[in-house]
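K.L.:
What follows is protein.csv, made up of CSV, C-alpha atoms:
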```csv
chain,number,residue,atom,x,y,z
A,1,MET,CA,-43.3,109.7,-64.6
A,2,ALA,CA,-42.1,110.2,-61.0
A,3,ALA,CA,-41.3,113.7,-59.8
A,4,LEU,CA,-37.7,114.7,-60.3
A,5,PRO,CA,-35.7,114.5,-57.1
A,6,LYS,CA,-34.8,117.8,-55.5
A,7,ARG,CA,-31.1,116.9,-55.8
A,8,ILE,CA,-31.3,116.7,-59.6
A,9,ILE,CA,-33.4,119.9,-59.9
A,10,LYS,CA,-30.8,121.8,-57.8
A,11,GLU,CA,-27.9,120.4,-59.8
A,12,THR,CA,-29.6,121.4,-63.1
A,13,GLU,CA,-30.3,124.9,-61.9
A,14,ARG,CA,-26.8,125.4,-60.7
A,15,LEU,CA,-25.4,124.2,-64.0
A,16,ALA,CA,-27.5,126.8,-65.8
A,17,ARG,CA,-26.8,129.6,-63.3
A,18,GLU,CA,-23.1,129.1,-62.8
A,19,PRO,CA,-21.9,127.2,-65.9
A,20,VAL,CA,-18.4,125.6,-65.8
A,21,PRO,CA,-16.1,127.2,-68.3
A,22,GLY,CA,-15.7,125.0,-71.3
A,23,ILE,CA,-18.5,122.7,-70.3
A,24,ASN,CA,-22.2,122.8,-71.2
A,25,ALA,CA,-24.9,120.5,-70.0
A,26,VAL,CA,-28.6,120.9,-70.9
A,27,PRO,CA,-31.4,118.5,-70.0
A,28,HIS,CA,-33.8,117.2,-72.7
A,29,GLU,CA,-37.2,118.8,-72.4
A,30,ASP,CA,-39.0,115.5,-72.5
A,31,ASN,CA,-36.6,113.7,-70.2
A,32,LEU,CA,-35.0,115.8,-67.4
A,33,ARG,CA,-32.6,113.0,-66.4
A,34,TYR,CA,-31.1,113.0,-69.9
A,35,PHE,CA,-28.5,115.7,-70.8
A,36,ASP,CA,-26.8,116.9,-73.9
A,37,VAL,CA,-23.3,117.7,-72.9
A,38,SER,CA,-20.4,119.4,-74.7
A,39,ILE,CA,-16.8,119.7,-73.4
A,40,HIS,CA,-14.1,121.8,-74.9
A,41,GLY,CA,-10.8,120.0,-75.3
A,42,PRO,CA,-8.3,121.2,-72.6
A,43,GLN,CA,-5.6,123.7,-73.6
A,44,GLY,CA,-2.3,122.2,-74.4
A,45,SER,CA,-3.8,118.7,-75.1
A,46,PRO,CA,-4.2,117.1,-78.6
A,47,TYR,CA,-8.0,117.9,-78.1
A,48,GLU,CA,-7.5,121.7,-77.8
A,49,GLY,CA,-9.9,123.6,-80.1
A,50,GLY,CA,-12.3,120.7,-80.3
A,51,ILE,CA,-15.8,120.6,-78.9
A,52,PHE,CA,-16.8,117.1,-77.9
A,53,LYS,CA,-20.4,116.1,-77.6
A,54,LEU,CA,-21.5,113.6,-74.9
A,55,GLU,CA,-24.7,112.3,-73.5
A,56,LEU,CA,-25.4,111.8,-69.8
A,57,PHE,CA,-28.2,110.0,-68.1
A,58,LEU,CA,-29.1,110.0,-64.4
A,59,PRO,CA,-30.5,106.5,-63.5
A,60,ASP,CA,-33.3,105.9,-61.1
A,61,ASP,CA,-31.0,105.4,-58.1
A,62,TYR,CA,-28.8,108.4,-58.8
A,63,PRO,CA,-27.0,109.7,-56.7
A,64,MET,CA,-26.5,106.3,-55.1
A,65,THR,CA,-25.2,105.1,-58.5
A,66,PRO,CA,-23.1,107.2,-60.9
A,67,PRO,CA,-24.5,108.9,-64.0
A,68,LYS,CA,-24.1,107.1,-67.3
A,69,ILE,CA,-22.0,109.1,-69.7
A,70,ARG,CA,-20.8,108.4,-73.2
A,71,PHE,CA,-18.9,110.4,-75.9
A,72,LEU,CA,-21.0,111.0,-79.1
A,73,THR,CA,-18.0,112.6,-80.9
A,74,LYS,CA,-15.4,110.2,-82.2
A,75,ILE,CA,-12.2,110.7,-80.1
A,76,TYR,CA,-8.7,109.0,-80.3
A,77,TYR,CA,-8.0,108.4,-76.6
A,78,PRO,CA,-6.7,105.3,-74.8
A,79,ASN,CA,-9.4,105.3,-72.1
A,80,ILE,CA,-12.4,105.8,-74.4
A,81,ASP,CA,-13.7,103.0,-76.6
A,82,LYS,CA,-15.1,102.9,-80.1
A,83,LEU,CA,-18.6,103.4,-78.7
A,84,GLY,CA,-17.6,106.4,-76.6
A,85,ARG,CA,-17.6,104.6,-73.3
A,86,ILE,CA,-15.2,106.1,-70.8
A,87,CYS,CA,-12.9,104.3,-68.4
A,88,LEU,CA,-12.8,106.6,-65.4
A,89,ASP,CA,-12.7,105.3,-61.8
A,90,VAL,CA,-15.2,107.9,-60.4
A,91,LEU,CA,-17.8,106.7,-62.9
A,92,LYS,CA,-17.5,103.1,-61.6
A,93,SER,CA,-16.0,101.8,-58.3
A,94,ASN,CA,-14.9,105.2,-56.9
A,95,TRP,CA,-18.2,106.9,-57.4
A,96,SER,CA,-19.5,108.7,-54.3
A,97,PRO,CA,-22.9,110.4,-53.9
A,98,ALA,CA,-21.0,113.5,-52.9
A,99,LEU,CA,-19.8,113.8,-56.5
A,100,GLN,CA,-22.1,115.7,-59.0
A,101,ILE,CA,-22.7,116.1,-62.7
A,102,ARG,CA,-20.4,119.2,-62.5
A,103,THR,CA,-17.5,117.4,-60.8
A,104,ILE,CA,-17.8,114.4,-63.1
A,105,LEU,CA,-17.7,116.5,-66.3
A,106,LEU,CA,-14.7,118.4,-64.9
A,107,SER,CA,-13.0,115.0,-64.3
A,108,ILE,CA,-13.7,114.0,-67.9
A,109,GLN,CA,-12.2,117.2,-69.1
A,110,ALA,CA,-9.2,116.7,-66.9
A,111,LEU,CA,-8.9,113.1,-68.2
A,112,LEU,CA,-8.5,114.4,-71.7
A,113,GLY,CA,-5.5,116.4,-70.6
A,114,ALA,CA,-3.8,113.3,-69.1
A,115,PRO,CA,-4.2,110.2,-71.2
A,116,ASN,CA,-3.4,107.0,-69.2
A,117,PRO,CA,-2.4,104.2,-71.5
A,118,ASP,CA,-1.8,101.8,-68.5
A,119,ASP,CA,-5.5,101.5,-67.9
A,120,PRO,CA,-6.9,101.2,-71.4
A,121,LEU,CA,-10.4,100.7,-72.6
A,122,ALA,CA,-9.2,100.9,-76.2
A,123,PRO,CA,-6.2,98.5,-76.2
A,124,ASP,CA,-5.1,99.3,-79.8
A,125,VAL,CA,-5.0,103.1,-79.1
A,126,ALA,CA,-3.2,102.5,-75.7
A,127,LYS,CA,-0.6,100.3,-77.4
A,128,ARG,CA,0.2,102.9,-80.0
A,129,TRP,CA,0.3,105.6,-77.3
A,130,LYS,CA,3.0,103.6,-75.5
A,131,GLU,CA,5.1,102.7,-78.6
A,132,ASP,CA,4.7,105.8,-80.7
A,133,GLN,CA,3.5,108.7,-78.5
A,134,GLU,CA,4.2,111.3,-81.1
A,135,GLY,CA,2.3,109.5,-83.7
A,136,ALA,CA,-0.6,108.8,-81.4
A,137,ILE,CA,-0.8,112.5,-80.5
A,138,ALA,CA,-0.8,113.4,-84.1
A,139,THR,CA,-3.7,111.1,-84.8
A,140,ALA,CA,-5.6,112.5,-81.8
A,141,LYS,CA,-5.1,116.0,-83.2
A,142,GLU,CA,-6.2,114.8,-86.6
A,143,TRP,CA,-9.4,113.2,-85.2
A,144,THR,CA,-10.1,116.4,-83.2
A,145,ARG,CA,-9.9,118.4,-86.4
A,146,THR,CA,-12.0,115.9,-88.4
A,147,HIS,CA,-14.7,115.1,-85.8
A,148,ALA,CA,-14.8,117.8,-83.2
A,149,MET,CA,-14.4,121.0,-85.1
A,150,THR,CA,-17.4,120.8,-87.5
B,1,MET,CA,-42.8,104.6,-62.8
B,2,GLY,CA,-39.1,105.3,-62.7
B,3,ALA,CA,-36.7,107.2,-65.0
B,4,LYS,CA,-37.1,106.6,-68.7
B,5,VAL,CA,-33.8,105.2,-70.0
B,6,PRO,CA,-33.0,106.9,-73.3
B,7,ARG,CA,-32.5,104.9,-76.5
B,8,ASN,CA,-28.7,104.9,-76.5
B,9,PHE,CA,-28.2,103.9,-72.9
B,10,ARG,CA,-30.8,101.2,-73.3
B,11,LEU,CA,-28.9,99.8,-76.3
B,12,LEU,CA,-25.7,100.0,-74.2
B,13,GLU,CA,-27.4,98.0,-71.5
B,14,GLU,CA,-28.4,95.3,-74.1
B,15,LEU,CA,-24.8,95.3,-75.5
B,16,GLU,CA,-23.3,94.9,-72.0
B,17,LYS,CA,-25.7,92.2,-71.2
B,18,GLY,CA,-24.4,90.4,-74.3
B,19,GLU,CA,-20.8,91.1,-73.3
B,20,LYS,CA,-21.4,89.4,-69.9
B,21,GLY,CA,-22.9,86.3,-71.5
B,22,LEU,CA,-25.6,84.4,-69.7
B,23,GLY,CA,-24.4,82.6,-66.6
B,24,ALA,CA,-20.9,83.9,-67.0
B,25,GLY,CA,-21.5,86.9,-64.8
B,26,GLU,CA,-17.9,87.3,-63.9
B,27,HIS,CA,-17.1,90.0,-66.4
B,28,LYS,CA,-17.6,93.5,-65.1
B,29,LEU,CA,-17.2,96.8,-66.9
B,30,SER,CA,-14.6,97.8,-64.4
B,31,THR,CA,-12.2,95.5,-66.1
B,32,CYS,CA,-12.1,98.0,-68.8
B,33,ALA,CA,-9.7,96.3,-71.2
B,34,THR,CA,-12.1,93.4,-71.8
B,35,ALA,CA,-15.0,95.7,-72.5
B,36,ASN,CA,-13.9,96.3,-76.1
B,37,TYR,CA,-15.1,93.3,-78.0
B,38,LEU,CA,-16.4,94.2,-81.4
B,39,ARG,CA,-18.6,91.2,-81.8
B,40,ILE,CA,-20.4,90.1,-78.7
B,41,PHE,CA,-22.6,87.2,-77.9
B,42,PHE,CA,-24.9,86.1,-75.2
B,43,PHE,CA,-26.3,82.6,-75.1
B,44,SER,CA,-29.8,82.1,-73.9
B,45,GLU,CA,-32.0,79.4,-75.4
B,46,ALA,CA,-29.3,79.2,-78.1
B,47,CYS,CA,-29.7,82.8,-79.4
B,48,SER,CA,-27.0,85.4,-79.7
B,49,TYR,CA,-26.6,89.0,-80.9
B,50,GLY,CA,-24.0,91.6,-81.5
B,51,LEU,CA,-23.4,95.0,-83.1
B,52,THR,CA,-22.8,94.7,-86.9
B,53,GLU,CA,-20.0,97.3,-86.7
B,54,GLY,CA,-18.2,97.7,-83.4
B,55,ASP,CA,-17.7,101.4,-83.9
B,56,ASP,CA,-21.3,102.2,-84.8
B,57,LEU,CA,-21.9,105.1,-82.4
B,58,LEU,CA,-25.6,105.1,-83.1
B,59,MET,CA,-25.8,101.3,-82.4
B,60,SER,CA,-28.5,100.9,-85.1
B,61,ASN,CA,-27.5,97.7,-86.9
B,62,TRP,CA,-27.3,94.4,-85.1
B,63,ASN,CA,-26.7,90.8,-86.1
B,64,GLY,CA,-28.6,88.0,-84.4
B,65,THR,CA,-28.2,84.2,-84.5
B,66,ILE,CA,-30.8,81.5,-83.7
B,67,LEU,CA,-29.8,77.9,-83.3
B,68,GLY,CA,-32.8,75.9,-84.6
B,69,PRO,CA,-34.7,74.3,-81.8
B,70,PRO,CA,-34.4,70.5,-81.2
B,71,HIS,CA,-37.1,68.1,-82.3
B,72,SER,CA,-38.1,70.3,-85.2
B,73,VAL,CA,-37.1,70.6,-88.9
B,74,HIS,CA,-34.8,73.4,-87.8
B,75,GLU,CA,-32.7,71.2,-85.5
B,76,ASN,CA,-29.0,71.9,-86.1
B,77,ARG,CA,-29.6,74.7,-88.5
B,78,ILE,CA,-28.2,78.1,-87.7
B,79,TYR,CA,-30.2,81.1,-88.8
B,80,SER,CA,-28.6,84.6,-89.1
B,81,LEU,CA,-30.7,87.7,-89.1
B,82,THR,CA,-30.3,91.4,-89.0
B,83,MET,CA,-32.0,93.7,-86.6
B,84,HIS,CA,-32.3,97.5,-87.2
B,85,CYS,CA,-33.1,99.7,-84.2
B,86,GLY,CA,-34.4,103.0,-85.4
B,87,ASP,CA,-34.3,106.4,-83.7
B,88,GLU,CA,-37.5,105.6,-81.8
B,89,TYR,CA,-36.3,102.3,-80.3
B,90,PRO,CA,-37.3,101.1,-77.8
B,91,ASP,CA,-40.6,103.0,-78.1
B,92,LYS,CA,-40.9,101.2,-81.4
B,93,PRO,CA,-39.7,97.7,-82.1
B,94,PRO,CA,-36.7,97.0,-84.4
B,95,THR,CA,-37.2,95.7,-87.9
B,96,ILE,CA,-36.1,92.0,-88.2
B,97,LYS,CA,-34.9,90.3,-91.4
B,98,PHE,CA,-33.8,86.7,-91.8
B,99,GLN,CA,-30.7,86.2,-93.9
B,100,ASN,CA,-31.1,82.5,-94.2
B,101,GLN,CA,-34.2,81.3,-96.0
B,102,ILE,CA,-36.8,79.9,-93.7
B,103,ASN,CA,-40.4,78.8,-94.1
B,104,LEU,CA,-42.2,80.3,-91.1
B,105,PRO,CA,-45.7,82.0,-91.1
B,106,CYS,CA,-44.3,85.3,-89.8
B,107,VAL,CA,-41.5,85.6,-92.3
B,108,ASN,CA,-42.0,87.1,-95.8
B,109,PRO,CA,-40.9,84.3,-98.2
B,110,LYS,CA,-39.6,86.8,-100.8
B,111,ASN,CA,-37.2,88.8,-98.6
B,112,GLY,CA,-37.0,87.3,-95.1
B,113,VAL,CA,-38.5,90.3,-93.4
B,114,VAL,CA,-40.4,89.4,-90.2
B,115,ASP,CA,-44.0,90.7,-90.4
B,116,PRO,CA,-44.5,92.5,-87.1
B,117,SER,CA,-48.2,91.9,-87.1
B,118,LYS,CA,-47.7,88.1,-86.9
B,119,LEU,CA,-45.3,87.9,-84.0
B,120,PRO,CA,-46.9,88.8,-80.6
B,121,CYS,CA,-43.8,90.4,-79.1
B,122,LEU,CA,-43.6,92.8,-82.1
B,123,SER,CA,-47.4,93.4,-82.6
B,124,ASP,CA,-47.9,93.9,-78.9
B,125,TRP,CA,-44.5,95.7,-78.4
B,126,LYS,CA,-43.6,96.8,-74.9
B,127,TYR,CA,-40.9,99.2,-73.9
B,128,SER,CA,-39.4,96.5,-71.7
B,129,ASN,CA,-39.0,94.1,-74.7
B,130,THR,CA,-35.5,93.7,-76.0
B,131,MET,CA,-33.7,92.1,-78.9
B,132,GLU,CA,-33.2,89.1,-76.7
B,133,THR,CA,-37.0,88.9,-76.2
B,134,ILE,CA,-37.5,88.8,-80.0
B,135,LEU,CA,-34.9,86.2,-80.7
B,136,ILE,CA,-36.2,83.9,-78.0
B,137,GLU,CA,-39.8,84.3,-79.2
B,138,LEU,CA,-38.8,83.6,-82.8
B,139,ARG,CA,-37.1,80.4,-81.7
B,140,ARG,CA,-40.2,79.3,-79.7
B,141,PHE,CA,-42.3,80.1,-82.8
B,142,MET,CA,-40.1,77.8,-84.8
B,143,ALA,CA,-40.7,75.0,-82.3
B,144,HIS,CA,-44.5,75.6,-82.1
B,145,PRO,CA,-46.4,72.4,-83.1
B,146,ASN,CA,-48.0,74.2,-86.1
B,147,ASN,CA,-44.5,75.2,-87.4
B,148,LYS,CA,-42.0,72.6,-86.4
B,149,LYS,CA,-42.7,70.3,-89.3
B,150,LEU,CA,-43.1,72.8,-92.1
B,151,PRO,CA,-41.0,71.9,-95.2
B,152,GLN,CA,-37.9,74.1,-95.3
B,153,PRO,CA,-35.7,75.5,-98.1
B,154,ALA,CA,-32.3,73.9,-98.6
B,155,GLU,CA,-30.0,74.4,-95.6
B,156,GLY,CA,-27.7,77.4,-96.0
B,157,SER,CA,-29.8,79.2,-98.8
B,158,THR,CA,-30.0,82.9,-98.3
B,159,TYR,CA,-32.4,85.7,-99.4
```
Could you write out this file's structure as structure tokens?

P.N.:
Amino acid sequence: MAALPKRIIKETERLAREPVPGINAVPHEDNLRYFDVSIHGPQGSPYEGGIFKLELFLPDDYPMTPPKIRFLTKIYYPNIDKLGRICLDVLKSNWSPALQIRTILLSIQALLGAPNPDDPLAPDVAKRWKEDQEGAIATAKEWTRTHAMT
Amino acid sequence: MGAKVPRNFRLLEELEKGEKGLGAGEHKLSTCATANYLRIFFFSEACSYGLTEGDDLLMSNWNGTILGPPHSVHENRIYSLTMHCGDEYPDKPPTIKFQNQINLPCVNPKNGVVDPSKLPCLSDWKYSNTMETILIELRRFMAHPNNKKLPQPAEGSTY
């Protein structure tokens, strides 16, 4: 296995030294590019009180390409699909090497506070969000209780 | 040696390769709305695969399809199989089971399970092998001169 780039070592150290409130990211011992992540649902959102598990992987060409991230906790959200994949511009075309694990995880946490049904990855969820927002939010809260509070 | 891709991200890569389809190439994940197919296919040497359940977060259970190779007893037959990727995939190969009955030396005639010791891509498993590798090799095995004329069970019979 190739040595871990300095950039990744520094980011990992800083995540441990100055953790972001409500966000936790710990590398696997046997693969330092692979992180177990948890994000607390933002206050005032349907995800408040939930702790959502994610997995993050830094590919070979990171930071020239973005990290790969996926939710492992089921979540009812118009921009996250049934396999936990996330539709977020900075994870795709708007990625910049100046971004970091820390900033990406903060973006995801912010995303949870501002669902965007106009750019959906889960069309059925987005449709409901537009047609019956109250009902969609109730389902999101219900899923948070069922899947993210155990 | 580069970074080792963890199981789940490796399976996502295989899934997304399937979503693109061979030769199509136009689909990109950035067009998010189209990335949500429950059952996905790729076509390459007339094989396809997809997740059995579109919301299986562990991505363990897959369906595969092989179109019987031409100029063999399998021509025009469609074989369905299941593939199970365990926790140690891709360090260890998936287990493969035919659903349609087939007479092939590497397949257990009682239950359709592929004997990994009799198919080189499984017995000599490499990390870089994929489900696509296995389906293509199985299809080549069907077309092999030793196997292409073996008498076959009635078309459509299952285990």

K.L.:
Can you tell me which residues surround range 20-35 of chain A at a distance of at most 9 Å, considering only C-alpha atoms, apart from same-chain residues fewer than 6 positions away, and format the answer as a PyMOL selection string?

P.N.:
(chain A and resi 4+8-9+12+41-42+51+54-60+101-102+105-106+109) or (chain B and resi 3-6)

K.L.:
Go ahead and save the residues from that selection, with C-alpha atoms, as a tab-separated table (two decimals), in the frame of the given file.

P.N.:
```tsv
chain	number	residue	atom	x	y	z
A	4	LEU	CA	-37.70	114.70	-60.30
A	8	ILE	CA	-31.30	116.70	-59.60
A	9	ILE	CA	-33.40	119.90	-59.90
A	12	THR	CA	-29.60	121.40	-63.10
A	41	GLY	CA	-10.80	120.00	-75.30
A	42	PRO	CA	-8.30	121.20	-72.60
A	51	ILE	CA	-15.80	120.60	-78.90
A	54	LEU	CA	-21.50	113.60	-74.90
A	55	GLU	CA	-24.70	112.30	-73.50
A	56	LEU	CA	-25.40	111.80	-69.80
A	57	PHE	CA	-28.20	110.00	-68.10
A	58	LEU	CA	-29.10	110.00	-64.40
A	59	PRO	CA	-30.50	106.50	-63.50
A	60	ASP	CA	-33.30	105.90	-61.10
A	101	ILE	CA	-22.70	116.10	-62.70
A	102	ARG	CA	-20.40	119.20	-62.50
A	105	LEU	CA	-17.70	116.50	-66.30
A	106	LEU	CA	-14.70	118.40	-64.90
A	109	GLN	CA	-12.20	117.20	-69.10
B	3	ALA	CA	-36.70	107.20	-65.00
B	4	LYS	CA	-37.10	106.60	-68.70
B	5	VAL	CA	-33.80	105.20	-70.00
B	6	PRO	CA	-33.00	106.90	-73.30
```

K.L.:
Counting all atoms listed in the file, figure out which residue out of B:Asn8, B:Ser48, B:Gln152, B:Asn76 gets nearest to Thr133 in chain B.

P.N.:
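Smallest distance to Thr133 in chain B is found for B:Ser48.
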
K.L.:
When the cut-off is 12 Å and we count all atoms listed in the file, which residues of chain A are near chain B, given as a count of residues only?

P.N.:
59

K.L.:
With distances taken over all atoms listed in the file, which of B:Thr95, B:Thr82, B:Ser72, B:Asn61 is nearest to Leu122 in chain B?

P.N.:
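Among the listed residues, B:Thr95 lies closest to Leu122 in chain B.
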
K.L.:
Could you please determine the separation between CA of Tyr77 in chain A and CA of Asp87 in chain B in Å, to one decimal place?

P.N.:
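Interatomic distance here is 27.3 Å.
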
K.L.:
For CA of Glu137 in chain B and CA of Ser157 in chain B, quote the distance in Å rounded to one decimal.

P.N.:
22.6 Å

K.L.:
Please measure the separation of CA of Ser107 in chain A and CA of Phe52 in chain A, giving the value in Å to one decimal.

P.N.:
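Interatomic distance, CA of Ser107 in chain A to CA of Phe52 in chain A: 14.3 Å.
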
K.L.:
Which residue gives the smallest distance to Val107 in chain B among B:Leu119, B:Ile134, B:Ile66, B:Met83, with all atoms listed in the file counted?

P.N.:
B:Leu119
